[in-house]
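Student: Here you go, my_file.cif (mmCIF, C-alpha atoms):
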data_target
#
loop_
_atom_site.label_atom_id
_atom_site.label_comp_id
_atom_site.auth_asym_id
_atom_site.auth_seq_id
_atom_site.Cartn_x
_atom_site.Cartn_y
_atom_site.Cartn_z
CA MET A 1 -40.04 26.97 21.95
CA PRO A 2 -42.14 24.30 23.75
CA ASN A 3 -40.72 22.75 26.89
CA ARG A 4 -39.99 19.04 27.15
CA ARG A 5 -43.29 18.17 28.85
CA THR A 6 -45.25 19.87 26.06
CA VAL A 7 -43.17 18.16 23.40
CA LEU A 8 -43.65 14.70 24.86
CA THR A 9 -47.37 15.33 25.09
CA MET A 10 -47.40 16.30 21.41
CA PHE A 11 -45.35 13.25 20.56
CA GLY A 12 -47.37 10.48 22.15
CA ALA A 13 -45.58 8.05 19.89
CA ALA A 14 -42.28 9.56 20.95
CA ALA A 15 -42.94 8.71 24.55
CA GLY A 16 -43.70 5.19 23.40
CA ALA A 17 -40.45 5.11 21.52
CA LEU A 18 -38.60 5.83 24.74
CA MET A 19 -40.12 2.67 26.24
CA LEU A 20 -39.08 0.36 23.41
CA PRO A 21 -37.22 -2.75 24.53
CA ALA A 22 -33.62 -1.62 24.67
CA VAL A 23 -31.25 -3.14 22.13
CA ALA A 24 -27.75 -2.04 23.08
CA ALA A 25 -25.44 -1.27 20.17
CA SER A 26 -23.05 -3.96 21.41
CA ASP A 27 -25.67 -6.75 21.56
CA VAL A 28 -26.71 -7.64 18.02
CA SER A 29 -25.70 -5.73 14.92
CA LEU A 30 -28.33 -4.16 12.70
CA LYS A 31 -27.14 -6.25 9.76
CA ASP A 32 -27.63 -9.44 11.79
CA LEU A 33 -31.08 -8.40 13.01
CA ALA A 34 -32.04 -7.72 9.39
CA ALA A 35 -30.50 -10.96 8.11
CA ARG A 36 -32.54 -13.02 10.56
CA LYS A 37 -35.61 -11.87 8.62
CA GLY A 38 -34.02 -12.23 5.18
CA MET A 39 -33.16 -8.56 4.68
CA ARG A 40 -29.91 -6.86 3.65
CA PHE A 41 -28.90 -3.84 5.74
CA GLY A 42 -26.33 -1.16 5.00
CA CYS A 43 -25.34 2.48 4.71
CA ALA A 44 -24.02 5.09 2.30
CA VAL A 45 -20.35 5.98 2.54
CA GLY A 46 -18.36 8.98 1.39
CA GLY A 47 -14.81 9.47 0.22
CA ARG A 48 -11.62 10.15 2.13
CA GLY A 49 -12.37 13.77 2.72
CA GLY A 50 -12.10 17.20 1.23
CA ALA A 51 -13.58 20.50 2.33
CA GLY A 52 -16.66 19.93 4.44
CA ALA A 53 -16.59 16.18 3.84
CA GLY A 54 -16.35 15.24 7.51
CA VAL A 55 -15.43 11.78 8.76
CA ARG A 56 -15.68 9.10 6.08
CA PHE A 57 -15.49 5.35 5.73
CA ALA A 58 -11.69 5.19 5.65
CA ASP A 59 -11.44 6.74 9.11
CA THR A 60 -10.84 3.97 11.62
CA ALA A 61 -13.57 4.52 14.22
CA TYR A 62 -16.35 5.27 11.76
CA GLY A 63 -15.18 2.50 9.45
CA GLN A 64 -15.31 0.03 12.31
CA LEU A 65 -18.85 1.15 13.11
CA LEU A 66 -19.91 0.58 9.50
CA GLU A 67 -18.21 -2.80 9.45
CA ARG A 68 -19.99 -3.86 12.65
CA GLU A 69 -23.47 -2.66 11.68
CA CYS A 70 -23.61 -3.04 7.88
CA GLY A 71 -23.64 -5.86 5.36
CA MET A 72 -23.67 -3.59 2.32
CA VAL A 73 -22.67 -0.09 1.31
CA VAL A 74 -23.46 2.40 -1.43
CA SER A 75 -21.35 5.40 -2.39
CA GLU A 76 -22.83 8.83 -1.73
CA ASN A 77 -21.19 10.42 -4.76
CA ALA A 78 -18.23 8.48 -6.17
CA THR A 79 -20.27 6.40 -8.63
CA LYS A 80 -22.39 9.24 -10.03
CA TRP A 81 -21.76 10.29 -13.62
CA PRO A 82 -20.31 13.77 -12.84
CA ALA A 83 -17.79 12.16 -10.46
CA LEU A 84 -16.84 9.34 -12.83
CA GLN A 85 -16.62 11.41 -16.01
CA PRO A 86 -16.36 15.13 -15.25
CA GLN A 87 -14.87 15.66 -18.72
CA PRO A 88 -15.33 13.78 -22.00
CA GLY A 89 -13.04 10.78 -22.23
CA PRO A 90 -12.20 7.82 -20.04
CA HIS A 91 -14.06 7.36 -16.77
CA ARG A 92 -12.15 8.01 -13.55
CA PHE A 93 -12.81 5.06 -11.26
CA ALA A 94 -10.10 5.54 -8.62
CA ALA A 95 -12.30 6.90 -5.81
CA ALA A 96 -15.07 4.40 -6.49
CA ASP A 97 -12.59 1.53 -6.71
CA GLU A 98 -11.22 2.46 -3.29
CA MET A 99 -14.70 2.26 -1.80
CA VAL A 100 -15.44 -1.06 -3.49
CA ALA A 101 -12.13 -2.56 -2.38
CA TRP A 102 -12.72 -1.44 1.19
CA ALA A 103 -16.17 -3.04 1.18
CA ARG A 104 -15.13 -6.27 -0.49
CA GLU A 105 -12.28 -6.75 2.00
CA ARG A 106 -14.97 -6.75 4.68
CA ARG A 107 -17.30 -9.08 2.75
CA MET A 108 -19.85 -6.32 2.20
CA LEU A 109 -22.18 -6.12 -0.78
CA VAL A 110 -22.01 -2.93 -2.87
CA ARG A 111 -24.82 -1.01 -4.59
CA GLY A 112 -24.31 1.38 -7.49
CA HIS A 113 -25.79 4.88 -7.17
CA ASN A 114 -26.62 6.04 -9.78
CA LEU A 115 -26.26 5.48 -13.52
CA LEU A 116 -28.45 8.44 -14.51
CA TRP A 117 -29.78 11.31 -12.40
CA GLN A 118 -32.46 12.99 -14.48
CA SER A 119 -32.08 16.57 -13.27
CA ARG A 120 -29.90 18.75 -15.48
CA ARG A 121 -28.13 19.88 -12.33
CA TRP A 122 -26.79 16.38 -11.72
CA LEU A 123 -25.63 15.55 -15.24
CA PRO A 124 -22.02 16.36 -16.17
CA ASP A 125 -21.66 19.91 -17.50
CA TRP A 126 -20.15 18.63 -20.71
CA VAL A 127 -23.23 16.50 -21.40
CA ASN A 128 -25.54 19.47 -20.86
CA GLN A 129 -23.42 21.51 -23.29
CA TYR A 130 -22.90 18.74 -25.84
CA ASP A 131 -23.48 19.38 -29.55
CA PHE A 132 -25.92 16.64 -30.51
CA GLY A 133 -25.75 17.54 -34.21
CA PRO A 134 -28.27 16.59 -36.90
CA GLU A 135 -29.12 13.20 -35.35
CA PRO A 136 -29.68 14.09 -31.70
CA ALA A 137 -31.56 10.92 -30.70
CA ARG A 138 -28.79 8.70 -32.01
CA VAL A 139 -26.11 10.76 -30.26
CA ALA A 140 -28.03 10.78 -26.97
CA GLU A 141 -28.34 6.99 -27.19
CA ARG A 142 -24.61 6.72 -27.86
CA LEU A 143 -23.68 8.85 -24.83
CA MET A 144 -25.95 6.81 -22.56
CA THR A 145 -24.64 3.54 -23.96
CA GLU A 146 -21.01 4.51 -23.53
CA HIS A 147 -21.54 5.62 -19.95
CA ILE A 148 -23.67 2.70 -18.75
CA LYS A 149 -21.45 0.17 -20.52
CA ALA A 150 -18.29 1.69 -19.02
CA VAL A 151 -19.66 1.66 -15.46
CA CYS A 152 -21.34 -1.75 -15.51
CA THR A 153 -18.49 -3.57 -17.22
CA HIS A 154 -15.89 -1.94 -14.98
CA PHE A 155 -17.55 -3.04 -11.74
CA GLY A 156 -18.91 -6.34 -13.03
CA ARG A 157 -20.25 -8.54 -10.25
CA ASP A 158 -18.84 -6.19 -7.58
CA MET A 159 -22.11 -4.24 -7.88
CA PHE A 160 -25.09 -6.46 -7.07
CA SER A 161 -27.65 -3.66 -7.51
CA TYR A 162 -27.95 -0.33 -9.35
CA ASP A 163 -30.10 2.75 -9.02
CA VAL A 164 -30.38 2.93 -12.80
CA VAL A 165 -32.45 6.13 -12.95
CA ASN A 166 -32.71 8.59 -10.08
CA GLU A 167 -35.52 11.11 -9.51
CA ALA A 168 -37.19 11.31 -12.91
CA VAL A 169 -40.50 12.78 -11.65
CA ASP A 170 -41.06 16.48 -10.93
CA PRO A 171 -42.52 16.51 -7.38
CA LYS A 172 -44.53 19.67 -8.05
CA THR A 173 -46.32 18.44 -11.16
CA GLY A 174 -45.93 14.66 -11.30
CA GLU A 175 -44.59 14.98 -14.84
CA LEU A 176 -41.32 13.53 -16.07
CA ILE A 177 -38.33 15.84 -15.72
CA VAL A 178 -36.91 17.17 -18.98
CA ASN A 179 -33.17 16.99 -19.58
CA VAL A 180 -30.79 17.28 -22.51
CA LEU A 181 -30.94 13.52 -23.18
CA ASN A 182 -34.66 12.92 -23.14
CA GLN A 183 -35.29 16.10 -25.13
CA LYS A 184 -33.65 14.22 -27.99
CA MET A 185 -35.35 10.83 -27.65
CA GLY A 186 -38.46 11.17 -25.48
CA ALA A 187 -38.70 11.06 -21.68
CA LEU A 188 -40.18 7.59 -21.24
CA GLU A 189 -38.06 6.22 -24.08
CA GLN A 190 -34.88 7.47 -22.45
CA ILE A 191 -35.72 5.88 -19.09
CA ASP A 192 -36.66 2.61 -20.77
CA MET A 193 -33.38 2.59 -22.69
CA ALA A 194 -31.37 3.18 -19.51
CA PHE A 195 -32.82 0.03 -17.96
CA VAL A 196 -32.41 -1.98 -21.15
CA LEU A 197 -28.73 -0.97 -21.30
CA ALA A 198 -28.23 -1.75 -17.62
CA ARG A 199 -29.71 -5.22 -18.09
CA GLN A 200 -27.46 -5.77 -21.10
CA PHE A 201 -24.23 -4.76 -19.36
CA ALA A 202 -25.09 -5.86 -15.79
CA PRO A 203 -27.23 -8.94 -16.47
CA GLY A 204 -27.16 -10.28 -12.91
CA ALA A 205 -27.80 -7.02 -11.07
CA GLN A 206 -30.95 -5.78 -9.37
CA LEU A 207 -32.19 -2.76 -11.37
CA VAL A 208 -33.92 -0.02 -9.40
CA TYR A 209 -35.81 3.19 -10.07
CA ASN A 210 -35.01 5.49 -7.11
CA ASP A 211 -37.00 8.54 -5.94
CA TYR A 212 -37.84 10.55 -2.81
CA MET A 213 -41.67 10.66 -2.80
CA GLY A 214 -42.97 10.40 0.76
CA PRO A 215 -46.15 9.77 2.76
CA GLY A 216 -47.22 13.37 3.35
CA PRO A 217 -49.97 15.30 1.51
CA GLY A 218 -47.34 17.46 -0.16
CA SER A 219 -46.09 14.39 -2.03
CA ALA A 220 -49.43 13.41 -3.59
CA LYS A 221 -48.50 14.53 -7.12
CA HIS A 222 -45.04 13.04 -6.72
CA ARG A 223 -46.48 9.65 -5.74
CA ALA A 224 -48.99 9.77 -8.58
CA GLY A 225 -46.24 10.58 -11.07
CA VAL A 226 -44.06 7.72 -9.87
CA LEU A 227 -46.99 5.30 -10.11
CA ALA A 228 -47.70 6.49 -13.65
CA LEU A 229 -44.04 6.03 -14.59
CA LEU A 230 -43.82 2.54 -13.10
CA GLY A 231 -47.05 1.54 -14.80
CA ALA A 232 -45.82 2.79 -18.16
CA LEU A 233 -42.51 0.97 -17.75
CA ARG A 234 -44.28 -2.24 -16.80
CA ALA A 235 -46.50 -1.95 -19.88
CA ARG A 236 -43.40 -1.57 -22.08
CA GLY A 237 -41.72 -4.58 -20.53
CA THR A 238 -38.85 -2.45 -19.19
CA PRO A 239 -36.46 -4.63 -17.15
CA ILE A 240 -36.93 -2.85 -13.83
CA ASP A 241 -36.96 -4.92 -10.66
CA ALA A 242 -37.69 -2.57 -7.79
CA LEU A 243 -38.60 0.88 -6.55
CA GLY A 244 -36.11 2.61 -4.29
CA LEU A 245 -37.79 4.57 -1.49
CA GLN A 246 -35.22 7.17 -0.51
CA SER A 247 -36.95 7.67 2.85
CA HIS A 248 -35.57 11.05 3.89
CA VAL A 249 -38.35 11.35 6.45
CA GLY A 250 -39.08 14.06 8.98
CA ASN A 251 -41.01 17.28 9.54
CA THR A 252 -44.13 15.15 10.01
CA LEU A 253 -45.37 14.88 13.58
CA PRO A 254 -46.62 11.46 14.69
CA ALA A 255 -50.09 12.96 15.24
CA ALA A 256 -50.38 13.29 11.45
CA ALA A 257 -49.16 9.78 10.76
CA THR A 258 -52.60 8.15 10.46
CA ALA A 259 -53.73 10.05 7.37
CA ALA A 260 -50.27 10.03 5.82
CA GLY A 261 -49.88 6.37 6.65
CA SER A 262 -53.07 5.48 4.80
CA GLU A 263 -51.87 7.22 1.64
CA TRP A 264 -48.43 5.63 1.97
CA ARG A 265 -49.96 2.18 2.32
CA LYS A 266 -52.08 2.74 -0.78
CA PHE A 267 -48.95 3.78 -2.68
CA LEU A 268 -46.93 0.76 -1.56
CA ASP A 269 -49.86 -1.54 -2.32
CA GLU A 270 -50.00 -0.23 -5.88
CA VAL A 271 -46.26 -0.56 -6.42
CA SER A 272 -46.23 -4.08 -5.01
CA GLY A 273 -49.32 -4.94 -7.04
CA MET A 274 -47.39 -4.15 -10.23
CA GLY A 275 -44.87 -6.81 -9.22
CA TYR A 276 -42.05 -4.51 -8.10
CA ASP A 277 -39.88 -5.11 -5.06
CA LEU A 278 -39.16 -2.27 -2.60
CA LEU A 279 -35.94 -0.91 -1.12
CA ILE A 280 -35.35 1.70 1.55
CA THR A 281 -32.32 3.32 -0.05
CA GLU A 282 -31.39 6.55 1.81
CA PHE A 283 -33.02 6.59 5.24
CA ASP A 284 -32.55 9.44 7.71
CA VAL A 285 -34.78 11.75 9.76
CA ASN A 286 -34.78 15.52 9.30
CA ASP A 287 -35.28 17.07 12.77
CA ARG A 288 -35.47 20.76 11.83
CA GLN A 289 -39.00 21.17 13.21
CA LEU A 290 -38.27 19.36 16.48
CA PRO A 291 -37.24 21.16 19.69
CA ALA A 292 -33.68 21.95 20.69
CA ASP A 293 -33.77 19.83 23.87
CA LEU A 294 -31.71 16.75 22.99
CA ALA A 295 -33.81 14.18 24.83
CA ALA A 296 -37.06 15.50 23.38
CA ARG A 297 -35.55 15.83 19.92
CA ASP A 298 -34.10 12.30 19.91
CA ALA A 299 -37.45 10.98 21.10
CA GLY A 300 -39.22 12.82 18.27
CA VAL A 301 -36.78 11.48 15.68
CA ALA A 302 -37.29 7.95 16.99
CA ALA A 303 -41.08 8.33 16.93
CA ILE A 304 -41.17 9.61 13.35
CA ALA A 305 -38.87 6.77 12.31
CA ARG A 306 -40.99 4.16 14.05
CA ASP A 307 -44.18 5.38 12.33
CA TYR A 308 -42.47 5.13 8.96
CA LEU A 309 -40.56 1.88 9.47
CA ASP A 310 -43.35 -0.09 11.11
CA LEU A 311 -45.53 0.53 8.06
CA THR A 312 -42.90 0.27 5.31
CA LEU A 313 -41.14 -2.80 6.70
CA SER A 314 -44.49 -4.58 7.01
CA TYR A 315 -44.16 -5.28 3.27
CA PRO A 316 -42.22 -8.54 2.77
CA ARG A 317 -41.21 -7.33 -0.70
CA CYS A 318 -39.06 -4.68 1.01
CA ARG A 319 -35.79 -6.60 1.07
CA ASP A 320 -33.10 -3.93 1.39
CA PHE A 321 -32.61 -1.16 3.96
CA LEU A 322 -29.87 1.45 3.68
CA LEU A 323 -29.20 4.53 5.78
CA TRP A 324 -27.77 7.72 4.30
CA GLY A 325 -25.14 8.07 6.99
CA MET A 326 -24.65 6.14 10.23
CA ALA A 327 -23.49 9.06 12.42
CA ASP A 328 -24.62 12.68 12.69
CA ASN A 329 -21.32 14.26 11.72
CA VAL A 330 -21.29 12.58 8.28
CA SER A 331 -24.94 13.32 7.45
CA TRP A 332 -25.57 15.35 4.31
CA LEU A 333 -28.32 17.15 6.23
CA GLN A 334 -25.65 19.09 8.14
CA HIS A 335 -24.72 20.88 4.92
CA TRP A 336 -27.99 21.02 2.96
CA GLU A 337 -29.39 24.54 3.12
CA GLU A 338 -33.04 23.44 3.20
CA ALA A 339 -32.37 21.21 6.23
CA ARG A 340 -30.82 23.89 8.43
CA ARG A 341 -32.50 24.40 11.80
CA ALA A 342 -33.64 27.89 12.71
CA ASP A 343 -31.67 27.67 15.97
CA GLY A 344 -28.47 26.76 14.10
CA LEU A 345 -28.02 23.48 15.98
CA PRO A 346 -26.68 20.47 14.06
CA GLN A 347 -29.11 17.81 12.94
CA ARG A 348 -29.45 14.58 14.94
CA SER A 349 -30.75 12.56 12.02
CA THR A 350 -28.90 9.25 12.24
CA PRO A 351 -28.65 6.29 14.69
CA TYR A 352 -25.33 7.47 16.19
CA ASP A 353 -24.21 10.87 17.40
CA SER A 354 -21.02 12.60 16.32
CA GLU A 355 -19.07 10.74 19.02
CA LEU A 356 -20.42 7.44 17.61
CA GLN A 357 -22.67 6.82 20.61
CA ALA A 358 -25.97 5.06 19.91
CA LYS A 359 -29.16 7.14 20.19
CA PRO A 360 -32.85 6.17 20.49
CA LEU A 361 -33.09 6.03 16.68
CA ARG A 362 -30.72 3.07 16.73
CA GLU A 363 -33.01 1.26 19.16
CA THR A 364 -36.03 2.10 17.02
CA ILE A 365 -34.41 0.67 13.88
CA ALA A 366 -33.34 -2.46 15.75
CA TYR A 367 -36.83 -2.98 17.14
CA ALA A 368 -38.44 -2.43 13.74
CA LEU A 369 -36.16 -5.10 12.25
CA LYS A 370 -37.00 -7.51 15.06
CA ILE A 371 -40.77 -7.24 14.70
CA MET A 372 -41.10 -7.05 10.90
CA PRO A 373 -42.35 -10.17 9.07
CA PRO A 374 -39.82 -12.37 7.25
CA ARG A 375 -38.87 -11.22 3.77
CA LEU A 376 -39.74 -13.10 0.62
CA ASN A 377 -36.66 -14.98 -0.55
CA ALA A 378 -36.82 -14.86 -4.34
CA VAL A 379 -34.74 -11.99 -5.70
CA GLN A 380 -34.57 -11.92 -9.49
CA GLY A 381 -34.32 -15.67 -9.77
CA GLN A 382 -31.69 -15.72 -7.05
CA ILE A 383 -31.96 -16.84 -3.45
CA TYR A 384 -30.77 -14.58 -0.67
CA ARG A 385 -28.78 -16.40 1.99
CA PRO A 386 -28.73 -14.14 5.07
CA GLU A 387 -26.19 -16.29 6.87
CA ALA A 388 -23.69 -15.70 4.06
CA ASN A 389 -24.75 -12.11 3.44
CA GLN A 390 -24.76 -12.70 -0.28
CA LEU A 391 -26.83 -13.74 -3.25
CA SER A 392 -26.40 -17.19 -4.72
CA ARG A 393 -27.73 -18.63 -7.95
#
Render the structure in this file as structure tokens.

Tutor:
Amino acid sequence: MPNRRTVLTMFGAAAGALMLPAVAASDVSLKDLAARKGMRFGCAVGGRGGAGAGVRFADTAYGQLLERECGMVVSENATKWPALQPQPGPHRFAAADEMVAWARERRMLVRGHNLLWQSRRWLPDWVNQYDFGPEPARVAERLMTEHIKAVCTHFGRDMFSYDVVNEAVDPKTGELIVNVLNQKMGALEQIDMAFVLARQFAPGAQLVYNDYMGPGPGSAKHRAGVLALLGALRARGTPIDALGLQSHVGNTLPAAATAAGSEWRKFLDEVSGMGYDLLITEFDVNDRQLPADLAARDAGVAAIARDYLDLTLSYPRCRDFLLWGMADNVSWLQHWEEARRADGLPQRSTPYDSELQAKPLRETIAYALKIMPPRLNAVQGQIYRPEANQLSR
């Protein structure tokens, strides 16, 4: 394991990150820094608990942190189809309604995540096992319609934005993922229909395609597949407004950022050139390849984040920025097998540690928000008013 001096030499950008102008957590909130440039800022939240769930939004200290730093929230799991309708029949909105009520009481905006997750693994079991009968395309359309209508009409204007389709592209091949629904009606046709239904039942909402392609060379086919999908949807006139960049970054040393950054810029240029807006929807930094030393590791996390954010936030069409967890102890990376560190130490992937103390990543995010150019104001025919933290017609 390299010592701290070696690590900081490797991470030239990390050393720079340590010298960023300090922005204390108590000075200006991240949501206010973002709003000054016309951006919405927020975080994913979980439920009240359960085995392995950790601290969640209803817990006082963490909830207060979210309230101070965030102007919008998105549910990690409570608004996904398997959670809302684990069995055929009426949707179960209680957990999601609790999250929405908590957010609305604090004048936060709420995003919906997600209406359809393309992988078979993330569809309800009963849908995967459904008997589609002699008219499978018609039945698949009915199931999609019933679900999207139920969700969008239930939440109404409480959801200002939806991840309509999540992760439809196979990262290994760039091809569209096959599932039990699109087997019946065609892959592109099924995605198009999902957005058409979302526009019908949530006419004022921002409609987003969300995926986890990244800047690195290993994501080349993934990026190409997403570009092909977005191009095909644009050609069909599909009512899609934006691309969600999940932004689970990490495992890329700053020394490799130049080549990766060039490819990422080309990707974002092409997406923007099609007329799509951009969102950072699930930001965190995976530190599994960084050293155990806390100071060196936090510096590396901050450096990787700065490389990514400085480039991505340079696009004025990127109007929304959400983290996937504000503190380390609630991060999904603590429980995801592929994110486990070889030394068994917990991840330090978020702006605050498990005691809710700000880390260098928080300073990096604040600085990136301060130096980014102002956002474009037009959002789907609506005007964003940062001072009110809302959309107005």

Student: Which is closer to Arg142 (chain A) than all the others in A:Gln87, A:Gln129, A:Ser119, A:Gln190, using all atoms listed in the file?

Tutor: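 Going through A:Gln87, A:Gln129, A:Ser119, A:Gln190 one by one, the smallest distance to Arg142 (chain A) is for A:Gln190.
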
Student: On this structure, which residues satisfy the PyMOL selection byres ((chain A and resi 69-71) around 7), written as a VMD selection string?

Tutor: chain A and resid 29 to 31 40 to 43 65 to 68 72 108 to 109 389

Student: Counting all atoms listed in the file, figure out which residue out of A:Met326, A:Leu233, A:Leu176, A:Ala358 gets nearest to Gly46 (chain A).

Tutor: A:Met326

Student: Could you tell me which residues the PyMOL selection byres ((chain A and resi 313-317) around 10) returns for this structure, as an NGL selection string?

Tutor: :A and (37-39 or 242 or 265 or 268-269 or 272 or 275-280 or 308-312 or 318-321 or 368-369 or 371-379)

Student: What's the separation between CA of Asp284 (chain A) and CA of His248 (chain A), in Å to one decimal place?

Tutor: 5.1 Å

Student: Between A:Val139, A:Ala61, A:Ala327, A:Val271, which residue has the minimum interatomic distance to Val285 (chain A), considering only C-alpha atoms?

Tutor: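 Of all the options, A:Ala327 lies closest to Val285 (chain A).
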
Student: At most 10 Å from (-19.8, 8.0, -2.8), file frame, only C-alpha atoms: which residues, as a PyMOL selection string?

Tutor: chain A and resi 44-48+56-57+73-80+83+95-96+99+112-114

Student: Find the residues around Phe160 (chain A) up to 8 Å (only C-alpha atoms counted), leave out those fewer than 3 positions away in its own chain, and share them as a PyMOL selection string.

Tutor: chain A and resi 109-112+157+204-206

Student: Hey, which of A:Leu323, A:Ala168, A:Ala194, A:Leu227 ends up closest to Lys149 (chain A)? Count all atoms listed in the file.

Tutor: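 Among the listed residues, the smallest separation from Lys149 (chain A) belongs to A:Ala194.
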
Student: Region 293-314 of chain A from the block above, C-alpha atoms, as a short mmCIF file (atom, residue, chain, number, x, y, z; two decimals), in the first residue's frame, please?

Tutor:
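Final file, decode21.cif:
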data_model
loop_
_atom_site.label_atom_id
_atom_site.label_comp_id
_atom_site.auth_asym_id
_atom_site.auth_seq_id
_atom_site.Cartn_x
_atom_site.Cartn_y
_atom_site.Cartn_z
CA ASP A 293 -5.10 6.63 4.90
CA LEU A 294 -8.10 8.90 5.50
CA ALA A 295 -6.47 12.19 4.52
CA ALA A 296 -5.03 10.74 1.31
CA ARG A 297 -8.26 8.94 0.50
CA ASP A 298 -10.45 12.02 1.06
CA ALA A 299 -8.05 14.04 -1.09
CA GLY A 300 -8.29 11.43 -3.87
CA VAL A 301 -12.09 11.39 -3.71
CA ALA A 302 -12.16 15.19 -3.91
CA ALA A 303 -9.75 15.21 -6.87
CA ILE A 304 -11.75 12.66 -8.86
CA ALA A 305 -14.92 14.62 -8.13
CA ARG A 306 -13.36 17.90 -9.19
CA ASP A 307 -12.19 16.45 -12.52
CA TYR A 308 -15.69 15.19 -13.23
CA LEU A 309 -17.68 18.16 -11.95
CA ASP A 310 -15.56 20.89 -13.50
CA LEU A 311 -16.15 19.37 -16.92
CA THR A 312 -19.77 18.26 -16.54
CA LEU A 313 -21.00 21.43 -14.83
CA SER A 314 -19.40 23.53 -17.57
#
